[in-house]
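Raw contents of protein06.txt, compact mmCIF, C-alpha atoms (C1' of nucleotides):
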```
# COMPACT_ATOMS: atom_id res chain seq x y z
CA MET A 11 -53.56 129.68 -68.95
CA LEU A 12 -50.69 127.36 -69.76
CA THR A 13 -49.13 126.42 -73.11
CA ILE A 14 -48.61 122.80 -74.02
CA THR A 15 -44.91 123.09 -73.21
CA ASP A 16 -45.72 124.53 -69.81
CA VAL A 17 -48.02 121.64 -69.06
CA SER A 18 -45.53 119.14 -70.39
CA ARG A 19 -42.75 120.50 -68.23
CA ARG A 20 -44.86 120.72 -65.11
CA SER A 21 -46.39 117.28 -65.53
CA GLY A 22 -43.47 115.34 -66.98
CA VAL A 23 -45.73 114.13 -69.78
CA ALA A 24 -44.55 114.78 -73.35
CA SER A 25 -46.48 117.23 -75.54
CA SER A 26 -47.19 114.48 -78.02
CA ALA A 27 -48.75 112.46 -75.22
CA LEU A 28 -50.88 115.43 -74.18
CA ARG A 29 -52.21 115.78 -77.72
CA PHE A 30 -52.84 112.06 -77.71
CA TYR A 31 -54.76 112.25 -74.43
CA GLU A 32 -56.85 115.04 -75.86
CA GLU A 33 -57.62 113.02 -78.98
CA ARG A 34 -58.76 110.25 -76.65
CA GLY A 35 -60.96 112.66 -74.74
CA LEU A 36 -59.06 112.38 -71.46
CA ILE A 37 -58.27 116.06 -71.29
CA VAL A 38 -59.52 119.14 -73.12
CA SER A 39 -57.96 122.42 -74.16
CA GLU A 40 -59.13 125.80 -75.28
CA ARG A 41 -57.48 127.48 -78.21
CA ALA A 42 -55.73 130.81 -78.50
CA GLY A 43 -56.57 132.91 -81.57
CA SER A 44 -53.54 131.36 -83.24
CA GLY A 45 -54.93 127.85 -82.88
CA HIS A 46 -52.41 126.98 -80.17
CA ARG A 47 -53.64 125.03 -77.17
CA ARG A 48 -54.24 126.78 -73.86
CA TYR A 49 -54.81 124.79 -70.67
CA PRO A 50 -56.35 125.83 -67.38
CA ARG A 51 -54.36 124.93 -64.28
CA SER A 52 -56.88 122.29 -63.37
CA VAL A 53 -55.61 120.11 -66.20
CA LEU A 54 -52.54 119.37 -64.12
CA ARG A 55 -54.59 117.59 -61.52
CA ARG A 56 -56.37 115.63 -64.18
CA ILE A 57 -53.06 114.57 -65.68
CA ALA A 58 -51.74 113.60 -62.27
CA PHE A 59 -54.77 111.40 -61.90
CA ILE A 60 -54.13 109.78 -65.28
CA VAL A 61 -50.50 109.04 -64.54
CA PHE A 62 -51.36 107.75 -61.11
CA ALA A 63 -54.00 105.44 -62.50
CA GLN A 64 -51.59 104.16 -65.12
CA ARG A 65 -49.09 103.17 -62.47
CA ILE A 66 -51.81 101.19 -60.81
CA GLY A 67 -52.36 99.37 -64.05
CA LEU A 68 -55.47 100.85 -65.62
CA THR A 69 -55.59 101.31 -69.37
CA LEU A 70 -56.30 104.72 -70.86
CA GLU A 71 -59.72 103.48 -71.84
CA GLU A 72 -60.55 102.54 -68.28
CA ILE A 73 -59.18 105.83 -67.07
CA GLY A 74 -61.39 107.62 -69.58
CA VAL A 75 -64.43 105.89 -68.14
CA GLU A 76 -63.44 106.91 -64.62
CA LEU A 77 -62.79 110.51 -65.61
CA ALA A 78 -66.12 110.68 -67.37
CA LYS A 79 -67.75 110.17 -63.98
CA LEU A 80 -66.48 113.53 -62.82
CA PRO A 81 -69.09 116.31 -62.92
CA ALA A 82 -68.80 118.42 -66.03
CA ASP A 83 -70.61 121.39 -64.57
CA ARG A 84 -68.32 122.20 -61.66
CA VAL A 85 -64.77 121.85 -60.43
CA PRO A 86 -64.42 118.35 -58.99
CA SER A 87 -64.27 118.17 -55.24
CA ARG A 88 -62.21 115.97 -52.98
CA ARG A 89 -65.21 113.73 -52.66
CA ASP A 90 -65.56 113.42 -56.44
CA TRP A 91 -61.96 112.35 -56.83
CA SER A 92 -61.98 109.91 -53.98
CA ARG A 93 -65.18 108.23 -55.13
CA LEU A 94 -63.32 107.19 -58.27
CA SER A 95 -60.72 105.34 -56.32
CA GLY A 96 -63.05 102.78 -54.77
CA GLU A 97 -62.46 99.92 -57.19
CA TRP A 98 -58.76 100.61 -57.40
CA ALA A 99 -57.79 99.67 -53.89
CA LYS A 100 -59.17 96.20 -54.54
CA ARG A 101 -57.18 95.96 -57.72
CA ILE A 102 -53.96 96.97 -56.06
CA ASP A 103 -54.56 94.51 -53.25
CA GLU A 104 -55.13 91.69 -55.71
CA ARG A 105 -51.96 92.40 -57.58
CA ILE A 106 -49.98 92.69 -54.35
CA ALA A 107 -51.40 89.34 -53.28
CA GLU A 108 -50.37 87.75 -56.55
CA LEU A 109 -46.86 89.13 -56.32
CA GLN A 110 -46.61 87.79 -52.79
CA ARG A 111 -47.70 84.38 -54.00
CA LEU A 112 -45.11 84.54 -56.75
CA ARG A 113 -42.52 85.56 -54.22
CA SER A 114 -43.10 82.53 -52.06
CA GLY A 115 -43.10 80.42 -55.16
CA LEU A 116 -39.69 81.77 -55.89
CA THR A 117 -38.15 80.37 -52.75
CA GLU A 118 -40.45 77.48 -51.99
CA CYS A 119 -41.28 76.25 -55.42
CA ILE A 120 -38.40 76.97 -57.72
CA GLY A 121 -36.05 76.75 -54.78
CA CYS A 122 -37.18 73.28 -53.85
CA GLY A 123 -37.05 72.13 -57.44
CA CYS A 124 -40.72 71.27 -57.65
CA LEU A 125 -41.45 73.79 -60.38
CA SER A 126 -43.46 71.32 -62.34
CA ILE A 127 -46.32 71.84 -64.66
CA ASP A 128 -48.01 68.73 -63.39
CA ARG A 129 -47.80 69.22 -59.67
CA CYS A 130 -46.96 72.80 -58.83
CA SER A 131 -49.98 75.01 -58.51
CA LEU A 132 -47.88 78.13 -58.55
CA ALA A 133 -46.15 77.30 -61.77
CA ASN A 134 -49.04 75.72 -63.52
CA PRO A 135 -49.45 77.84 -66.61
CA ALA A 136 -52.94 76.51 -67.23
CA ASP A 137 -53.97 78.62 -64.27
CA VAL A 138 -52.44 81.81 -65.46
CA ALA A 139 -51.99 81.57 -69.20
CA GLY A 140 -55.59 82.08 -70.13
CA ARG A 141 -55.62 84.29 -73.17
CA LYS A 142 -57.15 87.69 -72.97
CA GLY A 143 -57.77 87.87 -76.68
CA PRO A 144 -55.33 88.54 -79.50
CA GLY A 145 -52.28 90.66 -79.03
CA PRO A 146 -49.86 90.79 -76.14
CA ARG A 147 -50.71 89.41 -72.74
CA TYR A 148 -50.64 91.86 -69.91
CA TRP A 149 -49.39 90.76 -66.54
CA LEU A 150 -51.47 93.27 -64.70
CA GLY A 151 -54.87 91.91 -65.49
CA MET B 10 -41.40 62.66 -76.85
CA LEU B 11 -44.33 65.04 -77.04
CA THR B 12 -45.96 66.70 -80.04
CA ILE B 13 -46.51 70.43 -80.09
CA THR B 14 -50.19 69.92 -79.30
CA ASP B 15 -49.29 67.73 -76.33
CA VAL B 16 -47.01 70.41 -74.97
CA SER B 17 -49.54 73.12 -75.66
CA ARG B 18 -52.26 71.26 -73.81
CA ARG B 19 -50.08 70.37 -70.86
CA SER B 20 -48.60 73.82 -70.49
CA GLY B 21 -51.55 75.99 -71.40
CA VAL B 22 -49.37 77.86 -73.89
CA ALA B 23 -50.61 78.04 -77.49
CA SER B 24 -48.73 76.18 -80.23
CA SER B 25 -48.09 79.43 -82.03
CA ALA B 26 -46.49 80.80 -78.87
CA LEU B 27 -44.32 77.69 -78.58
CA ARG B 28 -43.04 78.16 -82.12
CA PHE B 29 -42.44 81.79 -81.28
CA TYR B 30 -40.45 80.88 -78.17
CA GLU B 31 -38.37 78.51 -80.24
CA GLU B 32 -37.69 81.19 -82.82
CA ARG B 33 -36.50 83.37 -79.95
CA GLY B 34 -34.24 80.62 -78.68
CA LEU B 35 -36.08 80.11 -75.38
CA ILE B 36 -36.85 76.49 -76.04
CA VAL B 37 -35.62 73.92 -78.55
CA SER B 38 -37.17 70.95 -80.30
CA GLU B 39 -36.01 67.94 -82.19
CA ARG B 40 -37.70 66.94 -85.39
CA ALA B 41 -39.44 63.76 -86.42
CA GLY B 42 -38.62 62.43 -89.90
CA SER B 43 -41.70 64.27 -91.11
CA GLY B 44 -40.36 67.63 -89.98
CA HIS B 45 -42.82 67.81 -87.11
CA ARG B 46 -41.54 69.06 -83.77
CA ARG B 47 -40.86 66.59 -80.95
CA TYR B 48 -40.24 67.81 -77.41
CA PRO B 49 -38.61 66.05 -74.48
CA ARG B 50 -40.55 66.19 -71.22
CA SER B 51 -38.01 68.61 -69.79
CA VAL B 52 -39.37 71.35 -72.00
CA LEU B 53 -42.41 71.55 -69.73
CA ARG B 54 -40.31 72.72 -66.84
CA ARG B 55 -38.60 75.26 -69.01
CA ILE B 56 -41.95 76.60 -70.16
CA ALA B 57 -43.21 76.75 -66.58
CA PHE B 58 -40.17 78.84 -65.78
CA ILE B 59 -40.90 81.18 -68.69
CA VAL B 60 -44.52 81.69 -67.71
CA PHE B 61 -43.59 82.18 -64.09
CA ALA B 62 -40.99 84.78 -64.98
CA GLN B 63 -43.46 86.59 -67.20
CA ARG B 64 -45.91 86.94 -64.34
CA ILE B 65 -43.15 88.53 -62.32
CA GLY B 66 -42.69 91.03 -65.08
CA LEU B 67 -39.60 89.97 -67.00
CA THR B 68 -39.56 90.38 -70.75
CA LEU B 69 -38.87 87.40 -73.00
CA GLU B 70 -35.48 88.86 -73.74
CA GLU B 71 -34.57 88.97 -70.07
CA ILE B 72 -35.91 85.48 -69.62
CA GLY B 73 -33.74 84.32 -72.49
CA VAL B 74 -30.68 85.74 -70.77
CA GLU B 75 -31.59 83.91 -67.56
CA LEU B 76 -32.24 80.64 -69.32
CA ALA B 77 -28.93 80.91 -71.15
CA LYS B 78 -27.23 80.66 -67.75
CA LEU B 79 -28.43 77.10 -67.35
CA PRO B 80 -25.79 74.47 -68.12
CA ALA B 81 -26.13 73.10 -71.62
CA ASP B 82 -24.25 69.90 -70.91
CA ARG B 83 -26.46 68.44 -68.20
CA VAL B 84 -30.00 68.45 -66.85
CA PRO B 85 -30.35 71.53 -64.66
CA SER B 86 -30.43 70.84 -60.95
CA ARG B 87 -32.47 72.46 -58.22
CA ARG B 88 -29.49 74.63 -57.45
CA ASP B 89 -29.24 75.78 -61.07
CA TRP B 90 -32.86 76.85 -61.15
CA SER B 91 -32.80 78.60 -57.83
CA ARG B 92 -29.65 80.53 -58.64
CA LEU B 93 -31.58 82.24 -61.41
CA SER B 94 -34.16 83.55 -59.04
CA GLY B 95 -31.84 85.73 -56.99
CA GLU B 96 -32.48 89.04 -58.75
CA TRP B 97 -36.17 88.35 -59.04
CA ALA B 98 -37.06 88.49 -55.39
CA LYS B 99 -35.69 92.02 -55.27
CA ARG B 100 -37.76 92.96 -58.26
CA ILE B 101 -40.94 91.59 -56.80
CA ASP B 102 -40.27 93.36 -53.53
CA GLU B 103 -39.76 96.65 -55.31
CA ARG B 104 -42.98 96.36 -57.23
CA ILE B 105 -44.87 95.37 -54.10
CA ALA B 106 -43.42 98.40 -52.35
CA GLU B 107 -44.51 100.66 -55.16
CA LEU B 108 -48.02 99.26 -55.15
CA GLN B 109 -48.19 99.78 -51.41
CA ARG B 110 -47.10 103.37 -51.87
CA LEU B 111 -49.77 103.83 -54.53
CA ARG B 112 -52.29 102.28 -52.22
CA SER B 113 -51.63 104.75 -49.45
CA GLY B 114 -51.70 107.50 -52.05
CA LEU B 115 -55.14 106.34 -52.96
CA THR B 116 -56.59 107.04 -49.54
CA GLU B 117 -54.22 109.65 -48.22
CA CYS B 118 -53.42 111.59 -51.30
CA ILE B 119 -56.38 111.43 -53.62
CA GLY B 120 -58.66 111.01 -50.67
CA CYS B 121 -57.42 114.15 -48.98
CA GLY B 122 -57.58 116.09 -52.20
CA CYS B 123 -53.90 116.90 -52.29
CA LEU B 124 -53.28 115.06 -55.53
CA SER B 125 -51.29 117.90 -56.95
CA ILE B 126 -48.48 117.85 -59.40
CA ASP B 127 -46.74 120.60 -57.51
CA ARG B 128 -46.87 119.32 -53.99
CA CYS B 129 -47.73 115.64 -53.95
CA SER B 130 -44.74 113.37 -54.18
CA LEU B 131 -46.89 110.37 -54.86
CA ALA B 132 -48.67 111.87 -57.81
CA ASN B 133 -45.80 113.83 -59.23
CA PRO B 134 -45.49 112.47 -62.73
CA ALA B 135 -42.00 113.87 -63.10
CA ASP B 136 -40.92 111.15 -60.70
CA VAL B 137 -42.52 108.34 -62.57
CA ALA B 138 -43.05 109.43 -66.15
CA GLY B 139 -39.45 109.11 -67.25
CA ARG B 140 -39.54 107.61 -70.70
CA LYS B 141 -38.06 104.24 -71.33
CA GLY B 142 -37.59 104.90 -75.02
CA PRO B 143 -40.13 104.96 -77.79
CA GLY B 144 -43.21 102.82 -77.73
CA PRO B 145 -45.52 102.03 -74.86
CA ARG B 146 -44.54 102.61 -71.27
CA TYR B 147 -44.55 99.61 -69.02
CA TRP B 148 -45.68 99.97 -65.47
CA LEU B 149 -43.61 97.09 -64.27
CA GLY B 150 -40.18 98.56 -64.85
C1' DC C 21 -37.11 142.18 -91.00
C1' DT C 22 -35.20 138.09 -90.11
C1' DA C 23 -34.18 134.10 -87.46
C1' DC C 24 -35.61 130.49 -84.95
C1' DA C 25 -38.19 128.36 -81.39
C1' DA C 26 -42.66 126.55 -80.58
C1' DG C 27 -47.07 125.32 -82.23
C1' DT C 28 -50.36 122.85 -85.59
C1' DT C 29 -52.26 118.52 -88.24
C1' DC C 30 -52.03 114.09 -90.15
C1' DA C 31 -50.01 109.85 -91.42
C1' DA C 32 -46.98 106.42 -90.37
C1' DG C 33 -43.64 104.14 -87.25
C1' DT C 34 -42.35 101.68 -82.70
C1' DT C 35 -42.43 97.90 -79.15
C1' DA C 36 -43.55 93.33 -77.11
C1' DA C 37 -45.61 89.17 -77.50
C1' DC C 38 -48.05 86.88 -79.91
C1' DT C 39 -52.02 85.51 -83.45
C1' DT C 40 -53.88 84.82 -87.93
C1' DG C 41 -53.97 83.46 -92.63
C1' DA C 42 -52.27 81.39 -96.78
C1' DA C 43 -50.42 77.61 -98.96
C1' DG C 44 -48.74 73.40 -98.68
C1' DT C 45 -47.17 68.56 -96.30
C1' DC C 46 -47.98 64.42 -93.43
C1' DA C 47 -50.50 60.72 -90.83
C1' DA C 48 -54.48 57.92 -89.52
C1' DG C 49 -58.94 55.95 -90.08
C1' DC C 50 -62.32 53.99 -93.10
C1' DG D 19 -57.64 55.92 -102.14
C1' DC D 20 -59.66 59.57 -99.81
C1' DT D 21 -60.81 62.59 -96.33
C1' DT D 22 -59.73 64.86 -92.17
C1' DG D 23 -56.91 66.75 -88.84
C1' DA D 24 -52.42 67.99 -87.23
C1' DC D 25 -48.33 69.90 -88.70
C1' DT D 26 -45.04 73.01 -91.40
C1' DT D 27 -43.21 77.82 -92.96
C1' DC D 28 -43.55 82.58 -93.86
C1' DA D 29 -45.60 86.99 -94.10
C1' DA D 30 -48.62 90.09 -92.25
C1' DG D 31 -51.93 91.60 -88.63
C1' DT D 32 -53.09 92.95 -83.61
C1' DT D 33 -52.98 95.90 -79.31
C1' DA D 34 -51.78 99.87 -76.30
C1' DA D 35 -49.69 104.01 -75.76
C1' DC D 36 -47.28 106.78 -77.65
C1' DT D 37 -43.42 108.87 -80.84
C1' DT D 38 -41.62 110.57 -85.09
C1' DG D 39 -41.60 112.97 -89.37
C1' DA D 40 -43.31 115.94 -92.91
C1' DA D 41 -45.14 120.09 -94.16
C1' DC D 42 -46.69 124.19 -92.56
C1' DT D 43 -47.97 128.37 -89.40
C1' DT D 44 -47.18 131.49 -85.24
C1' DG D 45 -44.77 133.99 -81.76
C1' DT D 46 -40.66 136.35 -80.16
C1' DA D 47 -36.02 138.25 -79.65
C1' DG D 48 -32.74 141.06 -81.75
```

Would you kindly transcribe this structure into structure tokens?
Amino acid sequence: MLTITDVSRRSGVASSALRFYEERGLIVSERAGSGHRRYPRSVLRRIAFIVFAQRIGLTLEEIGVELAKLPADRVPSRRDWSRLSGEWAKRIDERIAELQRLRSGLTECIGCGCLSIDRCSLANPADVAGRKGPGPRYWLG
Amino acid sequence: MLTITDVSRRSGVASSALRFYEERGLIVSERAGSGHRRYPRSVLRRIAFIVFAQRIGLTLEEIGVELAKLPADRVPSRRDWSRLSGEWAKRIDERIAELQRLRSGLTECIGCGCLSIDRCSLANPADVAGRKGPGPRYWLG
DNA sequence: CTACAAGTTCAAGTTAACTTGAAGTCAAGC
DNA sequence: GCTTGACTTCAAGTTAACTTGAACTTGTAG
């Protein structure tokens, strides 16, 4: 069993973040008699999954939903993990496609001087500026 | 000259956001006798540039720095606009490369079950979890 | 036994990019 | 002249994902 500092060091995720993930139900811990957290090794894989999913652009809430799909009664298998990743590939591909569109826009559209709200489909904010509710806009959605 | 509602409608950016951009020095407005904002048409292009840059992943602060490079004494030319985009292409390419790495990780790494903090370079949070200071982490940096 | 590092909880702070609300001014139509 | 809608400023709220600080307890090395 690992202490919170062990897990933090091995995962690169701060202890405060680990407590936060636990509060959010993304990971769990047992407790030593003292009340200190003790983690099984398997938590490292779970954390790796969380960090990985974050890089892809999922929110912690979405990640929580995905993780909840893992079987609670047994150690997750390869198959369990990989099933979760189905939707993600699509998401990555979409974002890559958008970035590639933006990249051409950079040379073709700004470069040619046509960056115009009226005529340029790439720059037209009406296409992209749709609000996603209050608060900051996220580029990854 | 356009009113703030005109500009909002034509750009897809909310009036409140336009006032916010002005407060941050990203755009400027003249005032009618009444105190109401009046914008020249050229502001639309500037806003298009801001929205475009946001999609690429620049912060408003970075965008402000870029916009400050435009000549104040004359209407910016094609060349002026395109000069700004130099650094950006690199940034887009880097993010695309990362997403492509993540995408292979999705099938190769999670798929094969090797998603391990110890051995998997793709999932190793120590490589990617470096903090960027307090507050939320941004995946786009 | 005494430091002192490491752990705990809980509340409050941080950041970006805005939005929302309050309280008041201005302009246009009837 | 009155209502209605667009506009103004300024302060405070929102969201995600954490971090920081206070106040306190536990574990360990000497």

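Residues with any atom within 9 Å of Leu28 (chain A), counting all atoms listed in the file and excluding same-chain neighbours fewer than 3 positions away, are A:Ile14, A:Val17, A:Ser18, A:Val23, A:Ala24, A:Ser25, A:Tyr31, A:Glu32, A:Glu33, A:Ile37, A:Ile57.
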
Pull the closest atom pair for each residue of chain C that gets at most 12 Å from chain B, along with the distance in Å to one decimal, counting all atoms listed in the file, ordering rows by chain and then ascending residue number, as JSON lines.
```
{"residue": "C:DG33", "atom": "C1'", "partner": "B:Gly144", "partner_atom": "CA", "distance": 9.6}
{"residue": "C:DT34", "atom": "C1'", "partner": "B:Gly144", "partner_atom": "CA", "distance": 5.2}
{"residue": "C:DT35", "atom": "C1'", "partner": "B:Gly144", "partner_atom": "CA", "distance": 5.2}
{"residue": "C:DA36", "atom": "C1'", "partner": "B:Thr68", "partner_atom": "CA", "distance": 8.1}
{"residue": "C:DA37", "atom": "C1'", "partner": "B:Leu69", "partner_atom": "CA", "distance": 8.3}
{"residue": "C:DC38", "atom": "C1'", "partner": "B:Ala26", "partner_atom": "CA", "distance": 6.4}
{"residue": "C:DT39", "atom": "C1'", "partner": "B:Ser25", "partner_atom": "CA", "distance": 7.4}
{"residue": "C:DT40", "atom": "C1'", "partner": "B:Ser25", "partner_atom": "CA", "distance": 9.9}
{"residue": "C:DT45", "atom": "C1'", "partner": "B:Ser43", "partner_atom": "CA", "distance": 8.7}
{"residue": "C:DC46", "atom": "C1'", "partner": "B:Ser43", "partner_atom": "CA", "distance": 6.7}
{"residue": "C:DA47", "atom": "C1'", "partner": "B:Ser43", "partner_atom": "CA", "distance": 9.5}
```

Generate a file of the selected residues that holds C-alpha atoms (C1' of nucleotides), formatted as a PDB file, keeping the file's coordinate frame.
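In the end it all went to again.pdb:
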```pdb
ATOM      1  C1'  DG C  33     -43.640 104.140 -87.250  1.00  0.00           C
ATOM      2  C1'  DT C  34     -42.350 101.680 -82.700  1.00  0.00           C
ATOM      3  C1'  DT C  35     -42.430  97.900 -79.150  1.00  0.00           C
ATOM      4  C1'  DA C  36     -43.550  93.330 -77.110  1.00  0.00           C
ATOM      5  C1'  DA C  37     -45.610  89.170 -77.500  1.00  0.00           C
ATOM      6  C1'  DC C  38     -48.050  86.880 -79.910  1.00  0.00           C
ATOM      7  C1'  DT C  39     -52.020  85.510 -83.450  1.00  0.00           C
ATOM      8  C1'  DT C  40     -53.880  84.820 -87.930  1.00  0.00           C
ATOM      9  C1'  DT C  45     -47.170  68.560 -96.300  1.00  0.00           C
ATOM     10  C1'  DC C  46     -47.980  64.420 -93.430  1.00  0.00           C
ATOM     11  C1'  DA C  47     -50.500  60.720 -90.830  1.00  0.00           C
TER      12       DA C  47
END
```

Among listed residues B:Thr14, B:Ser113, B:Ser51, B:Ser20, nearest chain A (using only C-alpha atoms):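 Going through B:Thr14, B:Ser113, B:Ser51, B:Ser20 one by one, the smallest distance to chain A is for B:Ser20.
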
Coordinates-based distance that separates CA of Gln63 (chain B) from CA of Val61 (chain A) (Å, one decimal): 23.7 Å

Which residues of chain D come within 12 Å of chain A, and what is each one's closest atom pair and distance in Å (one decimal), counting all atoms listed in the file, sorted by chain and residue number, as a Markdown table?
```
| residue | atom | partner | partner_atom | distance |
| --- | --- | --- | --- | --- |
| D:DG31 | C1' | A:Gly145 | CA | 9.7 |
| D:DT32 | C1' | A:Gly145 | CA | 5.2 |
| D:DT33 | C1' | A:Gly145 | CA | 5.3 |
| D:DA34 | C1' | A:Thr69 | CA | 8.0 |
| D:DA35 | C1' | A:Leu70 | CA | 8.3 |
| D:DC36 | C1' | A:Ala27 | CA | 6.4 |
| D:DT37 | C1' | A:Ser26 | CA | 7.3 |
| D:DT38 | C1' | A:Ser26 | CA | 9.8 |
| D:DT43 | C1' | A:Ser44 | CA | 8.8 |
| D:DT44 | C1' | A:Ser44 | CA | 6.7 |
| D:DG45 | C1' | A:Ser44 | CA | 9.3 |
```

Of the listed residues C:DA42, C:DA26, C:DG49, C:DA31, that which approaches Asp16 (chain A) most closely, counting only C-alpha atoms (C1' of nucleotides):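 Answer, going by the shortest atom-to-atom distance: C:DA26.
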
Residue nearest chain B - candidates A:Phe59, A:Arg29, A:Glu104, A:Val75, atoms counted: all atoms listed in the file: A:Phe59

d(CA of Pro49 (chain B), CA of Met10 (chain B)) in Å: 5.0 Å
